[in-house]
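Participant: Contents of run_16.txt (compact mmCIF, C-alpha atoms):
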```txt
# COMPACT_ATOMS: atom_id res chain seq x y z
CA MET A 1 168.08 88.48 25.83
CA GLU A 2 170.30 90.97 24.04
CA LEU A 3 171.08 93.25 27.02
CA LEU A 4 172.32 90.26 29.03
CA LYS A 5 174.48 88.96 26.17
CA GLN A 6 176.06 92.41 25.75
CA LYS A 7 176.75 92.49 29.48
CA ILE A 8 178.41 89.05 29.31
CA VAL A 9 180.58 90.13 26.37
CA ASN A 10 181.52 93.49 27.90
CA GLU A 11 181.91 92.60 31.57
CA GLY A 12 182.20 88.81 31.75
CA LYS A 13 185.51 86.99 31.64
CA ALA A 14 185.99 83.58 30.05
CA LEU A 15 188.74 82.21 32.27
CA SER A 16 188.93 78.82 30.54
CA ASP A 17 186.90 76.46 28.33
CA THR A 18 184.40 75.95 31.13
CA VAL A 19 184.63 78.89 33.53
CA LEU A 20 182.82 82.17 32.89
CA LYS A 21 183.31 84.85 35.52
CA VAL A 22 180.35 87.21 35.83
CA ASP A 23 181.02 88.62 39.26
CA ARG A 24 180.81 92.20 37.99
CA PHE A 25 177.01 92.05 37.55
CA LEU A 26 175.50 88.72 38.65
CA ASN A 27 177.09 86.68 41.41
CA HIS A 28 179.13 89.01 43.58
CA GLN A 29 178.51 92.55 42.46
CA ILE A 30 174.90 92.77 41.23
CA ASP A 31 173.49 95.18 38.65
CA PRO A 32 169.96 95.93 39.93
CA GLN A 33 168.74 97.44 36.63
CA LEU A 34 169.83 94.33 34.75
CA MET A 35 168.11 92.15 37.38
CA GLN A 36 164.91 94.13 36.82
CA GLU A 37 165.10 93.49 33.07
CA ILE A 38 165.77 89.79 33.75
CA GLY A 39 162.74 89.73 36.04
CA LYS A 40 160.57 91.25 33.32
CA GLU A 41 161.84 88.71 30.79
CA PHE A 42 161.11 85.68 32.99
CA ALA A 43 157.72 87.14 33.93
CA SER A 44 156.87 87.60 30.28
CA LEU A 45 157.98 84.05 29.37
CA PHE A 46 155.99 82.43 32.20
CA GLN A 47 153.07 84.83 32.57
CA GLU A 48 150.53 82.29 31.24
CA SER A 49 151.79 79.47 33.47
CA GLY A 50 149.78 80.25 36.60
CA ILE A 51 152.88 80.57 38.79
CA THR A 52 152.14 80.85 42.52
CA LYS A 53 155.69 80.56 43.92
CA ILE A 54 159.29 80.99 42.75
CA LEU A 55 161.96 78.67 44.14
CA THR A 56 165.66 79.48 43.92
CA LEU A 57 168.94 78.67 45.65
CA GLU A 58 171.04 81.01 47.80
CA SER A 59 172.86 83.23 47.08
CA SER A 60 173.15 84.22 43.43
CA GLY A 61 169.65 83.08 42.48
CA ILE A 62 168.00 85.52 44.88
CA ALA A 63 168.32 88.81 42.96
CA PRO A 64 166.86 87.61 39.62
CA SER A 65 164.16 85.67 41.50
CA VAL A 66 162.99 88.58 43.62
CA MET A 67 162.75 90.78 40.53
CA THR A 68 160.71 88.08 38.77
CA GLY A 69 158.52 87.66 41.86
CA LEU A 70 157.90 91.40 41.88
CA GLN A 71 156.67 91.27 38.27
CA LEU A 72 154.52 88.15 38.74
CA ASP A 73 153.39 89.26 42.22
CA VAL A 74 154.28 85.94 43.87
CA PRO A 75 156.54 85.06 46.83
CA VAL A 76 160.10 83.79 46.38
CA ILE A 77 161.57 80.98 48.49
CA PHE A 78 165.30 80.43 48.55
CA ALA A 79 166.69 77.00 49.44
CA ARG A 80 169.59 77.03 51.85
CA LYS A 81 172.81 75.09 51.35
CA ARG A 82 174.48 73.22 54.18
CA LYS A 83 177.55 71.09 54.18
CA SER A 84 176.36 68.50 56.65
CA LEU A 85 173.12 66.70 57.06
CA THR A 86 171.15 68.17 59.91
CA LEU A 87 168.03 66.52 61.20
CA VAL A 88 165.37 69.19 61.33
CA GLU A 89 161.65 68.61 61.13
CA ASN A 90 159.43 70.03 58.41
CA LEU A 91 162.12 70.25 55.77
CA TYR A 92 162.31 69.05 52.20
CA SER A 93 165.95 68.27 51.39
CA ALA A 94 167.99 67.14 48.40
CA ASN A 95 171.66 66.44 47.86
CA VAL A 96 173.47 68.47 45.24
CA TYR A 97 176.91 67.55 43.98
CA SER A 98 179.13 70.41 42.86
CA PHE A 99 181.62 69.43 40.16
CA THR A 100 183.45 72.73 40.72
CA LYS A 101 183.87 72.26 44.46
CA GLN A 102 183.87 68.45 44.30
CA GLU A 103 181.61 68.21 47.30
CA THR A 104 178.00 67.36 48.06
CA SER A 105 175.78 69.94 49.75
CA GLU A 106 172.38 69.44 51.18
CA ILE A 107 169.83 72.00 50.00
CA SER A 108 166.59 72.39 51.87
CA ILE A 109 163.42 74.41 52.28
CA SER A 110 160.79 74.56 54.98
CA SER A 111 157.75 72.47 54.07
CA ASP A 112 155.57 75.43 55.15
CA PHE A 113 156.06 77.40 51.97
CA ILE A 114 155.39 75.05 49.05
CA THR A 115 152.31 72.84 49.02
CA SER A 116 150.51 70.60 46.53
CA GLU A 117 148.37 73.63 45.58
CA ASP A 118 151.38 75.48 44.19
CA THR A 119 152.68 75.93 40.67
CA VAL A 120 156.38 76.66 40.97
CA LEU A 121 158.90 78.40 38.73
CA VAL A 122 162.47 77.34 39.52
CA ILE A 123 165.07 80.07 38.86
CA ASP A 124 168.84 79.95 39.07
CA ASP A 125 171.72 82.10 37.90
CA PHE A 126 173.71 79.38 36.11
CA LEU A 127 172.97 76.05 34.48
CA ALA A 128 175.94 73.78 33.76
CA ASN A 129 175.75 70.17 34.93
CA GLY A 130 172.25 70.78 36.19
CA GLN A 131 172.76 69.37 39.66
CA ALA A 132 171.42 72.44 41.50
CA ALA A 133 168.37 72.77 39.23
CA LEU A 134 167.61 69.04 39.56
CA GLY A 135 167.87 69.38 43.35
CA LEU A 136 165.39 72.27 43.30
CA ILE A 137 163.05 70.27 41.05
CA ASP A 138 163.30 67.41 43.55
CA LEU A 139 162.20 69.74 46.39
CA VAL A 140 159.16 70.87 44.36
CA LYS A 141 158.23 67.23 43.70
CA GLN A 142 158.58 66.36 47.40
CA ALA A 143 156.06 69.11 48.12
CA GLY A 144 153.69 67.59 45.55
CA ALA A 145 153.57 70.89 43.67
CA LYS A 146 153.44 71.44 39.93
CA ILE A 147 156.60 72.63 38.14
CA ALA A 148 155.85 75.34 35.57
CA GLY A 149 159.41 75.37 34.32
CA VAL A 150 162.99 76.35 34.97
CA GLY A 151 164.31 79.85 34.26
CA ILE A 152 168.08 80.23 33.95
CA VAL A 153 170.03 83.45 33.54
CA ILE A 154 173.11 81.91 31.86
CA GLU A 155 173.19 78.37 30.47
CA LYS A 156 176.42 76.71 29.49
CA ALA A 157 174.68 74.86 26.68
CA PHE A 158 177.75 72.70 26.02
CA GLN A 159 177.20 70.97 29.35
CA GLU A 160 174.50 68.44 30.11
CA GLY A 161 172.20 70.35 32.51
CA GLY A 162 169.79 71.54 29.83
CA SER A 163 169.13 68.10 28.40
CA LEU A 164 168.79 66.56 31.87
CA ILE A 165 165.96 69.00 32.64
CA GLU A 166 164.23 68.67 29.29
CA GLU A 167 164.41 64.86 29.47
CA GLN A 168 162.04 65.16 32.42
CA GLY A 169 159.57 67.02 30.20
CA ILE A 170 160.19 70.26 32.06
CA ARG A 171 160.17 73.55 30.18
CA LEU A 172 163.54 75.31 30.24
CA GLU A 173 164.07 78.98 29.42
CA SER A 174 167.64 80.29 29.44
CA LEU A 175 168.13 84.00 28.82
CA ALA A 176 171.66 83.54 27.47
CA LYS A 177 172.84 80.23 26.02
CA ILE A 178 176.56 79.87 25.66
CA ALA A 179 177.65 77.50 22.89
CA SER A 180 181.31 77.55 23.83
CA LEU A 181 183.90 79.23 25.95
CA SER A 182 187.58 79.55 25.33
CA LYS A 183 189.96 81.72 27.29
CA GLY A 184 188.89 85.27 26.45
CA ASN A 185 186.06 84.25 24.10
CA VAL A 186 182.35 83.66 24.58
CA THR A 187 180.23 82.24 21.75
CA PHE A 188 176.45 82.25 22.08
CA GLU A 189 174.06 79.80 20.44
CA GLU A 190 172.74 81.37 17.25
CA GLU A 191 169.08 80.62 17.72
CA GLU A 192 167.02 80.15 20.82
CA THR A 193 165.58 76.65 20.75
CA ILE A 194 162.89 75.38 23.09
CA MET B 1 157.94 101.81 58.53
CA GLU B 2 154.33 100.91 59.24
CA LEU B 3 153.89 98.27 56.52
CA LEU B 4 156.91 96.36 57.83
CA LYS B 5 155.73 96.53 61.46
CA GLN B 6 152.31 95.20 60.44
CA LYS B 7 153.99 92.39 58.57
CA ILE B 8 156.11 91.53 61.65
CA VAL B 9 153.00 91.51 63.86
CA ASN B 10 150.88 89.51 61.41
CA GLU B 11 153.41 87.04 60.02
CA GLY B 12 156.39 87.07 62.39
CA LYS B 13 156.70 84.73 65.33
CA ALA B 14 158.39 85.66 68.59
CA LEU B 15 159.79 82.28 69.59
CA SER B 16 161.46 83.52 72.79
CA ASP B 17 162.77 86.70 74.45
CA THR B 18 165.47 87.00 71.81
CA VAL B 19 164.34 85.07 68.71
CA LEU B 20 162.00 86.57 66.11
CA LYS B 21 161.15 84.30 63.19
CA VAL B 22 160.39 86.21 59.99
CA ASP B 23 160.90 83.44 57.48
CA ARG B 24 157.47 84.05 55.90
CA PHE B 25 158.56 87.31 54.24
CA LEU B 26 162.24 88.15 54.83
CA ASN B 27 164.81 85.41 55.30
CA HIS B 28 163.49 82.23 53.70
CA GLN B 29 160.30 83.09 51.86
CA ILE B 30 160.62 86.64 50.52
CA ASP B 31 157.79 89.09 49.81
CA PRO B 32 159.01 91.01 46.74
CA GLN B 33 156.44 93.83 47.08
CA LEU B 34 157.55 94.43 50.68
CA MET B 35 161.20 94.37 49.53
CA GLN B 36 160.35 97.04 46.95
CA GLU B 37 158.82 99.25 49.65
CA ILE B 38 161.86 98.68 51.86
CA GLY B 39 164.10 99.66 48.93
CA LYS B 40 162.12 102.88 48.44
CA GLU B 41 162.38 103.67 52.16
CA PHE B 42 166.16 103.19 52.33
CA ALA B 43 166.58 105.14 49.09
CA SER B 44 164.54 108.00 50.49
CA LEU B 45 166.50 108.03 53.78
CA PHE B 46 169.89 108.03 52.05
CA GLN B 47 169.15 109.87 48.81
CA GLU B 48 171.23 112.92 49.80
CA SER B 49 174.24 110.84 50.89
CA GLY B 50 175.92 110.43 47.52
CA ILE B 51 175.85 106.63 47.70
CA THR B 52 177.86 104.91 44.94
CA LYS B 53 177.72 101.28 46.18
CA ILE B 54 175.62 99.14 48.51
CA LEU B 55 177.34 96.41 50.54
CA THR B 56 175.41 93.55 52.14
CA LEU B 57 175.93 90.00 53.36
CA GLU B 58 174.58 86.81 51.81
CA SER B 59 171.87 85.60 51.85
CA SER B 60 169.05 87.51 53.53
CA GLY B 61 170.54 90.94 52.91
CA ILE B 62 170.43 90.54 49.14
CA ALA B 63 166.73 91.14 48.43
CA PRO B 64 166.35 94.45 50.33
CA SER B 65 169.74 95.61 49.00
CA VAL B 66 168.94 94.94 45.35
CA MET B 67 165.64 96.81 45.68
CA THR B 68 167.48 99.75 47.27
CA GLY B 69 170.14 99.61 44.55
CA LEU B 70 167.40 99.74 41.93
CA GLN B 71 165.97 102.91 43.48
CA LEU B 72 169.36 104.61 43.96
CA ASP B 73 170.70 103.27 40.63
CA VAL B 74 173.90 101.89 42.16
CA PRO B 75 175.46 98.39 42.18
CA VAL B 76 175.10 96.00 45.11
CA ILE B 77 177.96 93.83 46.37
CA PHE B 78 177.25 90.92 48.66
CA ALA B 79 179.96 89.62 50.97
CA ARG B 80 180.32 85.86 51.11
CA LYS B 81 180.56 83.82 54.29
CA ARG B 82 183.00 80.98 54.65
CA LYS B 83 183.74 78.80 57.60
CA SER B 84 187.45 78.53 57.13
CA LEU B 85 190.10 80.99 56.22
CA THR B 86 191.05 80.62 52.59
CA LEU B 87 194.04 82.37 51.16
CA VAL B 88 192.86 84.13 48.06
CA GLU B 89 194.38 87.26 46.59
CA ASN B 90 192.53 90.52 46.12
CA LEU B 91 190.08 90.02 48.95
CA TYR B 92 189.07 92.16 51.89
CA SER B 93 188.09 89.88 54.78
CA ALA B 94 186.74 90.21 58.31
CA ASN B 95 185.86 87.72 61.02
CA VAL B 96 182.29 87.69 62.26
CA TYR B 97 181.26 85.85 65.39
CA SER B 98 177.73 84.50 65.46
CA PHE B 99 176.26 84.30 68.98
CA THR B 100 173.40 82.19 67.60
CA LYS B 101 175.62 79.63 65.91
CA GLN B 102 178.54 80.12 68.34
CA GLU B 103 181.04 80.08 65.54
CA THR B 104 183.24 82.53 63.70
CA SER B 105 182.81 82.99 59.96
CA GLU B 106 185.03 84.84 57.61
CA ILE B 107 183.20 87.31 55.38
CA SER B 108 184.90 88.68 52.31
CA ILE B 109 184.55 90.71 49.15
CA SER B 110 186.69 91.12 46.09
CA SER B 111 188.82 94.25 46.28
CA ASP B 112 187.76 95.01 42.68
CA PHE B 113 184.36 96.39 43.60
CA ILE B 114 184.86 98.93 46.37
CA THR B 115 187.56 101.59 46.12
CA SER B 116 188.56 104.74 47.98
CA GLU B 117 186.36 106.69 45.55
CA ASP B 118 183.20 105.00 46.83
CA THR B 119 180.56 106.10 49.32
CA VAL B 120 178.99 102.93 50.65
CA LEU B 121 175.63 102.15 52.24
CA VAL B 122 175.76 98.96 54.33
CA ILE B 123 172.44 97.06 54.43
CA ASP B 124 171.45 93.97 56.40
CA ASP B 125 168.21 92.22 57.31
CA PHE B 126 168.79 92.02 61.09
CA LEU B 127 170.78 93.93 63.67
CA ALA B 128 171.23 92.26 67.06
CA ASN B 129 174.75 92.05 68.48
CA GLY B 130 176.05 93.98 65.50
CA GLN B 131 178.84 91.58 64.61
CA ALA B 132 177.83 91.22 60.94
CA ALA B 133 177.33 94.96 60.45
CA LEU B 134 180.67 95.72 62.12
CA GLY B 135 182.33 93.17 59.83
CA LEU B 136 180.82 94.86 56.77
CA ILE B 137 181.94 98.28 58.06
CA ASP B 138 185.43 96.83 58.48
CA LEU B 139 185.46 95.73 54.80
CA VAL B 140 184.46 99.24 53.68
CA LYS B 141 187.26 100.72 55.80
CA GLN B 142 189.81 98.29 54.37
CA ALA B 143 188.82 99.56 50.91
CA GLY B 144 189.40 103.13 52.09
CA ALA B 145 185.84 104.05 51.10
CA LYS B 146 183.45 106.40 52.90
CA ILE B 147 180.57 104.89 54.89
CA ALA B 148 177.32 106.78 54.36
CA GLY B 149 175.49 104.73 56.96
CA VAL B 150 173.94 101.43 57.88
CA GLY B 151 170.39 100.49 56.87
CA ILE B 152 168.75 97.68 58.82
CA VAL B 153 165.39 96.07 58.14
CA ILE B 154 164.73 94.84 61.70
CA GLU B 155 166.75 95.98 64.72
CA LYS B 156 166.51 94.21 68.05
CA ALA B 157 167.01 97.48 69.88
CA PHE B 158 167.38 95.69 73.22
CA GLN B 159 170.69 94.24 72.02
CA GLU B 160 173.94 96.15 71.69
CA GLY B 161 174.45 96.29 67.91
CA GLY B 162 172.83 99.71 67.47
CA SER B 163 174.99 101.46 70.05
CA LEU B 164 178.16 99.75 68.78
CA ILE B 165 177.54 101.25 65.33
CA GLU B 166 176.55 104.69 66.58
CA GLU B 167 179.59 104.82 68.88
CA GLN B 168 181.67 104.82 65.70
CA GLY B 169 179.82 107.95 64.57
CA ILE B 170 178.07 106.01 61.82
CA ARG B 171 174.48 106.85 60.89
CA LEU B 172 172.07 104.00 61.57
CA GLU B 173 168.58 103.72 60.10
CA SER B 174 166.45 100.78 61.19
CA LEU B 175 163.04 100.40 59.55
CA ALA B 176 161.57 98.50 62.51
CA LYS B 177 163.03 98.80 66.00
CA ILE B 178 161.96 96.14 68.42
CA ALA B 179 161.98 97.21 72.07
CA SER B 180 161.28 93.76 73.45
CA LEU B 181 160.28 90.23 72.55
CA SER B 182 158.54 87.70 74.68
CA LYS B 183 157.14 84.40 73.47
CA GLY B 184 154.22 85.41 71.25
CA ASN B 185 154.67 89.17 71.72
CA VAL B 186 156.56 91.85 69.82
CA THR B 187 156.82 95.40 71.21
CA PHE B 188 158.20 98.17 69.00
CA GLU B 189 160.00 101.29 70.17
CA GLU B 190 157.48 104.12 70.37
CA GLU B 191 159.51 106.78 68.61
CA GLU B 192 162.16 106.55 65.97
CA THR B 193 165.33 108.04 67.39
CA ILE B 194 168.41 108.84 65.38
```
Take the structure in this file and express it as structure tokens.
Facilitator:
Amino acid sequence: MELLKQKIVNEGKALSDTVLKVDRFLNHQIDPQLMQEIGKEFASLFQESGITKILTLESSGIAPSVMTGLQLDVPVIFARKRKSLTLVENLYSANVYSFTKQETSEISISSDFITSEDTVLVIDDFLANGQAALGLIDLVKQAGAKIAGVGIVIEKAFQEGGSLIEEQGIRLESLAKIASLSKGNVTFEEEETI
Amino acid sequence: MELLKQKIVNEGKALSDTVLKVDRFLNHQIDPQLMQEIGKEFASLFQESGITKILTLESSGIAPSVMTGLQLDVPVIFARKRKSLTLVENLYSANVYSFTKQETSEISISSDFITSEDTVLVIDDFLANGQAALGLIDLVKQAGAKIAGVGIVIEKAFQEGGSLIEEQGIRLESLAKIASLSKGNVTFEEEETI
């Protein structure tokens, strides 16, 4: 997605070989027009997939998901993160390890909102080690729903998340795939591969 | 806003005299079409206010804020919540006490995204005791920016948040004002008052 790549080049900051800061338009300050274009792109990629629900993770997944939900005319559910395990009824939960924070969070959704009748599109802002996306996929499986695919705004394609998802036979669509980062420089993958 | 009130009546659940559950369309599962209408309503109410930025709080404030930002063509910043005080440079921070959780969170934003040149609309999903909204107002003041007003999706008008904001001379627009809750019953205020 050219507009997104331009935005990453112009307003993103590669802080190191692994850290890309995009808090000017995606995960702290949000550019609503860009989110709308992202929503249109995901909707176009998954329009034949019979999506009935979108599942994302708070907080940075919400804006692109709601814009996609608007285009596909389906509800969005966001999983909540907690630090400690809380015993609450009617929840699907999964543990997600963050390599950045070096801590495990529990993510969970109410079992009221995804059922075995649903076909779910999982959306998140970033894909790196894939732990958050795999946690979301786990929640969908617990609900017995079908997974139409995973839509990612920015994939760090040099990390293992992408292959972990595709190994499960799940369709992955990343709007910007970063081949490498070095301080001050972002290189995108030349060709989109599926 | 009639559509919102209908949604509250049809899909909300008054669990007690003070707790309204709206996780079917606002703060867990999100109805994107409703969010779009909410965005149009806030944009219409504040279109003459010269808004340059919208400030909200993760997570449930993000969807209505991004839809409003889309209509007004301005960026949205969401403040993050943390449980403990972290010393990080270039942050504006405020403490917010949650009566529900009985704990104090620190909310913060990067000082990069709101400046003294900005006119800010504060948006949140709920207004009850007003602690979150007052914290957001505090962040805007720390930045030296102008506050155009506060836009709230659902106000529990029987709690003190509304008067605390208006006492500061700040314009408050709530799209649904609840006069009272009792288990199973929601009563709205008859007339919108400013």
Participant: For chain B, work out the contacting residues on chain A at 12 Å, counting all atoms listed in the file, and write them as a PyMOL selection string.
Facilitator: chain A and resi 23-37+39+53-83+108-114
Participant: One decimal, Å: what's the distance from atom CA of Phe188 of chain B over to atom CA of Leu127 of chain B, could you say?
Facilitator: 14.3 Å
Participant: Find the distance between atom CA of Leu15 of chain B and atom CA of Gln159 of chain B and write it in Å to one decimal.
Facilitator: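 Pair atom CA of Leu15 of chain B / atom CA of Gln159 of chain B returns 16.4 Å.
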Participant: Once chain B is fitted onto chain A by least squares over all its in-order Cα atoms, send the moved chain as a compact mmCIF listing (two decimals) with C-alpha atoms, in the frame of the given file.
Facilitator:
```txt
# COMPACT_ATOMS: atom_id res chain seq x y z
CA MET B 1 168.09 88.49 25.84
CA GLU B 2 170.32 90.98 24.05
CA LEU B 3 171.08 93.25 27.03
CA LEU B 4 172.32 90.26 29.03
CA LYS B 5 174.50 88.96 26.17
CA GLN B 6 176.08 92.40 25.76
CA LYS B 7 176.76 92.50 29.47
CA ILE B 8 178.40 89.03 29.32
CA VAL B 9 180.58 90.13 26.38
CA ASN B 10 181.51 93.49 27.91
CA GLU B 11 181.91 92.59 31.58
CA GLY B 12 182.21 88.80 31.76
CA LYS B 13 185.52 86.99 31.63
CA ALA B 14 185.99 83.58 30.06
CA LEU B 15 188.74 82.21 32.28
CA SER B 16 188.94 78.82 30.54
CA ASP B 17 186.91 76.46 28.32
CA THR B 18 184.42 75.92 31.12
CA VAL B 19 184.64 78.89 33.51
CA LEU B 20 182.82 82.17 32.87
CA LYS B 21 183.31 84.85 35.52
CA VAL B 22 180.35 87.21 35.82
CA ASP B 23 181.03 88.62 39.26
CA ARG B 24 180.79 92.22 37.98
CA PHE B 25 177.00 92.05 37.54
CA LEU B 26 175.49 88.72 38.64
CA ASN B 27 177.08 86.68 41.41
CA HIS B 28 179.15 89.01 43.59
CA GLN B 29 178.50 92.56 42.44
CA ILE B 30 174.89 92.77 41.23
CA ASP B 31 173.49 95.19 38.64
CA PRO B 32 169.96 95.92 39.92
CA GLN B 33 168.73 97.45 36.63
CA LEU B 34 169.83 94.32 34.74
CA MET B 35 168.11 92.16 37.39
CA GLN B 36 164.91 94.14 36.82
CA GLU B 37 165.10 93.48 33.08
CA ILE B 38 165.76 89.79 33.75
CA GLY B 39 162.72 89.73 36.06
CA LYS B 40 160.56 91.27 33.32
CA GLU B 41 161.84 88.71 30.80
CA PHE B 42 161.11 85.68 33.01
CA ALA B 43 157.72 87.14 33.94
CA SER B 44 156.87 87.61 30.28
CA LEU B 45 157.98 84.05 29.38
CA PHE B 46 155.98 82.45 32.20
CA GLN B 47 153.05 84.83 32.58
CA GLU B 48 150.52 82.29 31.24
CA SER B 49 151.79 79.46 33.48
CA GLY B 50 149.78 80.24 36.59
CA ILE B 51 152.89 80.56 38.77
CA THR B 52 152.13 80.84 42.51
CA LYS B 53 155.69 80.55 43.93
CA ILE B 54 159.27 80.99 42.75
CA LEU B 55 161.96 78.67 44.15
CA THR B 56 165.66 79.49 43.93
CA LEU B 57 168.94 78.68 45.66
CA GLU B 58 171.04 81.00 47.80
CA SER B 59 172.87 83.23 47.08
CA SER B 60 173.15 84.23 43.42
CA GLY B 61 169.66 83.10 42.48
CA ILE B 62 168.00 85.53 44.88
CA ALA B 63 168.32 88.81 42.96
CA PRO B 64 166.85 87.62 39.62
CA SER B 65 164.16 85.65 41.49
CA VAL B 66 163.00 88.58 43.62
CA MET B 67 162.75 90.79 40.52
CA THR B 68 160.70 88.08 38.77
CA GLY B 69 158.52 87.66 41.87
CA LEU B 70 157.89 91.40 41.87
CA GLN B 71 156.68 91.27 38.26
CA LEU B 72 154.53 88.14 38.74
CA ASP B 73 153.39 89.26 42.23
CA VAL B 74 154.27 85.95 43.88
CA PRO B 75 156.54 85.05 46.84
CA VAL B 76 160.09 83.78 46.39
CA ILE B 77 161.57 80.98 48.50
CA PHE B 78 165.29 80.43 48.56
CA ALA B 79 166.69 77.01 49.44
CA ARG B 80 169.60 77.02 51.85
CA LYS B 81 172.82 75.09 51.36
CA ARG B 82 174.48 73.23 54.18
CA LYS B 83 177.53 71.06 54.18
CA SER B 84 176.32 68.46 56.60
CA LEU B 85 173.06 66.69 57.04
CA THR B 86 171.12 68.20 59.90
CA LEU B 87 168.04 66.55 61.26
CA VAL B 88 165.38 69.20 61.37
CA GLU B 89 161.66 68.60 61.13
CA ASN B 90 159.43 70.01 58.42
CA LEU B 91 162.11 70.26 55.77
CA TYR B 92 162.31 69.05 52.20
CA SER B 93 165.95 68.27 51.38
CA ALA B 94 168.00 67.15 48.39
CA ASN B 95 171.67 66.43 47.86
CA VAL B 96 173.48 68.48 45.25
CA TYR B 97 176.92 67.55 43.99
CA SER B 98 179.13 70.42 42.89
CA PHE B 99 181.63 69.44 40.17
CA THR B 100 183.45 72.74 40.75
CA LYS B 101 183.86 72.28 44.48
CA GLN B 102 183.85 68.45 44.32
CA GLU B 103 181.60 68.21 47.31
CA THR B 104 178.00 67.36 48.06
CA SER B 105 175.79 69.94 49.74
CA GLU B 106 172.38 69.45 51.17
CA ILE B 107 169.83 72.00 49.99
CA SER B 108 166.58 72.41 51.86
CA ILE B 109 163.42 74.41 52.28
CA SER B 110 160.79 74.56 54.97
CA SER B 111 157.76 72.46 54.08
CA ASP B 112 155.58 75.42 55.16
CA PHE B 113 156.06 77.39 51.96
CA ILE B 114 155.38 75.06 49.05
CA THR B 115 152.31 72.83 49.01
CA SER B 116 150.51 70.59 46.53
CA GLU B 117 148.38 73.61 45.59
CA ASP B 118 151.38 75.48 44.19
CA THR B 119 152.68 75.93 40.66
CA VAL B 120 156.37 76.66 40.98
CA LEU B 121 158.89 78.40 38.73
CA VAL B 122 162.47 77.34 39.53
CA ILE B 123 165.06 80.07 38.86
CA ASP B 124 168.85 79.95 39.07
CA ASP B 125 171.73 82.11 37.88
CA PHE B 126 173.72 79.37 36.10
CA LEU B 127 172.97 76.04 34.48
CA ALA B 128 175.94 73.78 33.75
CA ASN B 129 175.75 70.17 34.93
CA GLY B 130 172.24 70.78 36.18
CA GLN B 131 172.77 69.37 39.66
CA ALA B 132 171.42 72.44 41.49
CA ALA B 133 168.37 72.76 39.22
CA LEU B 134 167.61 69.04 39.56
CA GLY B 135 167.87 69.39 43.34
CA LEU B 136 165.39 72.28 43.30
CA ILE B 137 163.04 70.27 41.05
CA ASP B 138 163.30 67.42 43.55
CA LEU B 139 162.20 69.75 46.39
CA VAL B 140 159.16 70.87 44.37
CA LYS B 141 158.24 67.23 43.71
CA GLN B 142 158.58 66.34 47.39
CA ALA B 143 156.06 69.11 48.12
CA GLY B 144 153.70 67.58 45.55
CA ALA B 145 153.57 70.89 43.68
CA LYS B 146 153.44 71.44 39.91
CA ILE B 147 156.59 72.63 38.14
CA ALA B 148 155.85 75.32 35.56
CA GLY B 149 159.42 75.38 34.32
CA VAL B 150 162.99 76.36 34.97
CA GLY B 151 164.32 79.85 34.25
CA ILE B 152 168.08 80.23 33.95
CA VAL B 153 170.04 83.44 33.54
CA ILE B 154 173.11 81.91 31.86
CA GLU B 155 173.19 78.36 30.47
CA LYS B 156 176.43 76.69 29.47
CA ALA B 157 174.67 74.86 26.67
CA PHE B 158 177.74 72.70 26.00
CA GLN B 159 177.20 70.98 29.35
CA GLU B 160 174.50 68.44 30.11
CA GLY B 161 172.21 70.33 32.51
CA GLY B 162 169.80 71.54 29.81
CA SER B 163 169.12 68.09 28.38
CA LEU B 164 168.79 66.55 31.86
CA ILE B 165 165.97 68.99 32.63
CA GLU B 166 164.24 68.67 29.27
CA GLU B 167 164.41 64.86 29.46
CA GLN B 168 162.06 65.17 32.43
CA GLY B 169 159.58 67.01 30.20
CA ILE B 170 160.19 70.25 32.06
CA ARG B 171 160.17 73.56 30.18
CA LEU B 172 163.53 75.32 30.24
CA GLU B 173 164.07 78.98 29.42
CA SER B 174 167.63 80.28 29.44
CA LEU B 175 168.13 84.00 28.82
CA ALA B 176 171.67 83.53 27.46
CA LYS B 177 172.83 80.22 26.01
CA ILE B 178 176.54 79.85 25.65
CA ALA B 179 177.64 77.50 22.87
CA SER B 180 181.31 77.54 23.80
CA LEU B 181 183.91 79.23 25.95
CA SER B 182 187.58 79.54 25.32
CA LYS B 183 189.97 81.71 27.30
CA GLY B 184 188.92 85.26 26.43
CA ASN B 185 186.07 84.25 24.10
CA VAL B 186 182.36 83.66 24.58
CA THR B 187 180.23 82.25 21.73
CA PHE B 188 176.44 82.25 22.07
CA GLU B 189 174.05 79.81 20.44
CA GLU B 190 172.73 81.39 17.25
CA GLU B 191 169.06 80.61 17.73
CA GLU B 192 167.00 80.16 20.83
CA THR B 193 165.58 76.66 20.78
CA ILE B 194 162.91 75.39 23.11
```
Participant: Find the spatial neighbours of segment 117-123 of chain B, counting all atoms listed in the file, within a cut-off of 6 Å - ignore same-chain residues fewer than 6 positions away - and output them as a list in words.
Facilitator: Ile51, Thr52, Lys53, Ile54, Leu55, Thr56, Ala145, Lys146, Ile147, Ala148, Gly149, Val150, Gly151 and Ile152 of chain B
Participant: What does the structure give for the distance between atom CA of Leu181 of chain B and atom CA of Ala132 of chain B, in Å to one decimal?
Facilitator: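 Computed distance, atom CA of Leu181 of chain B to atom CA of Ala132 of chain B, equals 21.1 Å.
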Participant: Could you name the residues that touch Val19 of chain A at 10 Å or less, counting all atoms listed in the file, but leaving out those on the same chain fewer than 4 positions away, as a ChimeraX atom specification?
Facilitator: /A:13-15,100,156,181-183
Participant: Those residues with C-alpha atoms, as a compact mmCIF listing (two decimals), in the frame of the given file please?
Facilitator:
```
# COMPACT_ATOMS: atom_id res chain seq x y z
CA LYS A 13 185.51 86.99 31.64
CA ALA A 14 185.99 83.58 30.05
CA LEU A 15 188.74 82.21 32.27
CA THR A 100 183.45 72.73 40.72
CA LYS A 156 176.42 76.71 29.49
CA LEU A 181 183.90 79.23 25.95
CA SER A 182 187.58 79.55 25.33
CA LYS A 183 189.96 81.72 27.29
```
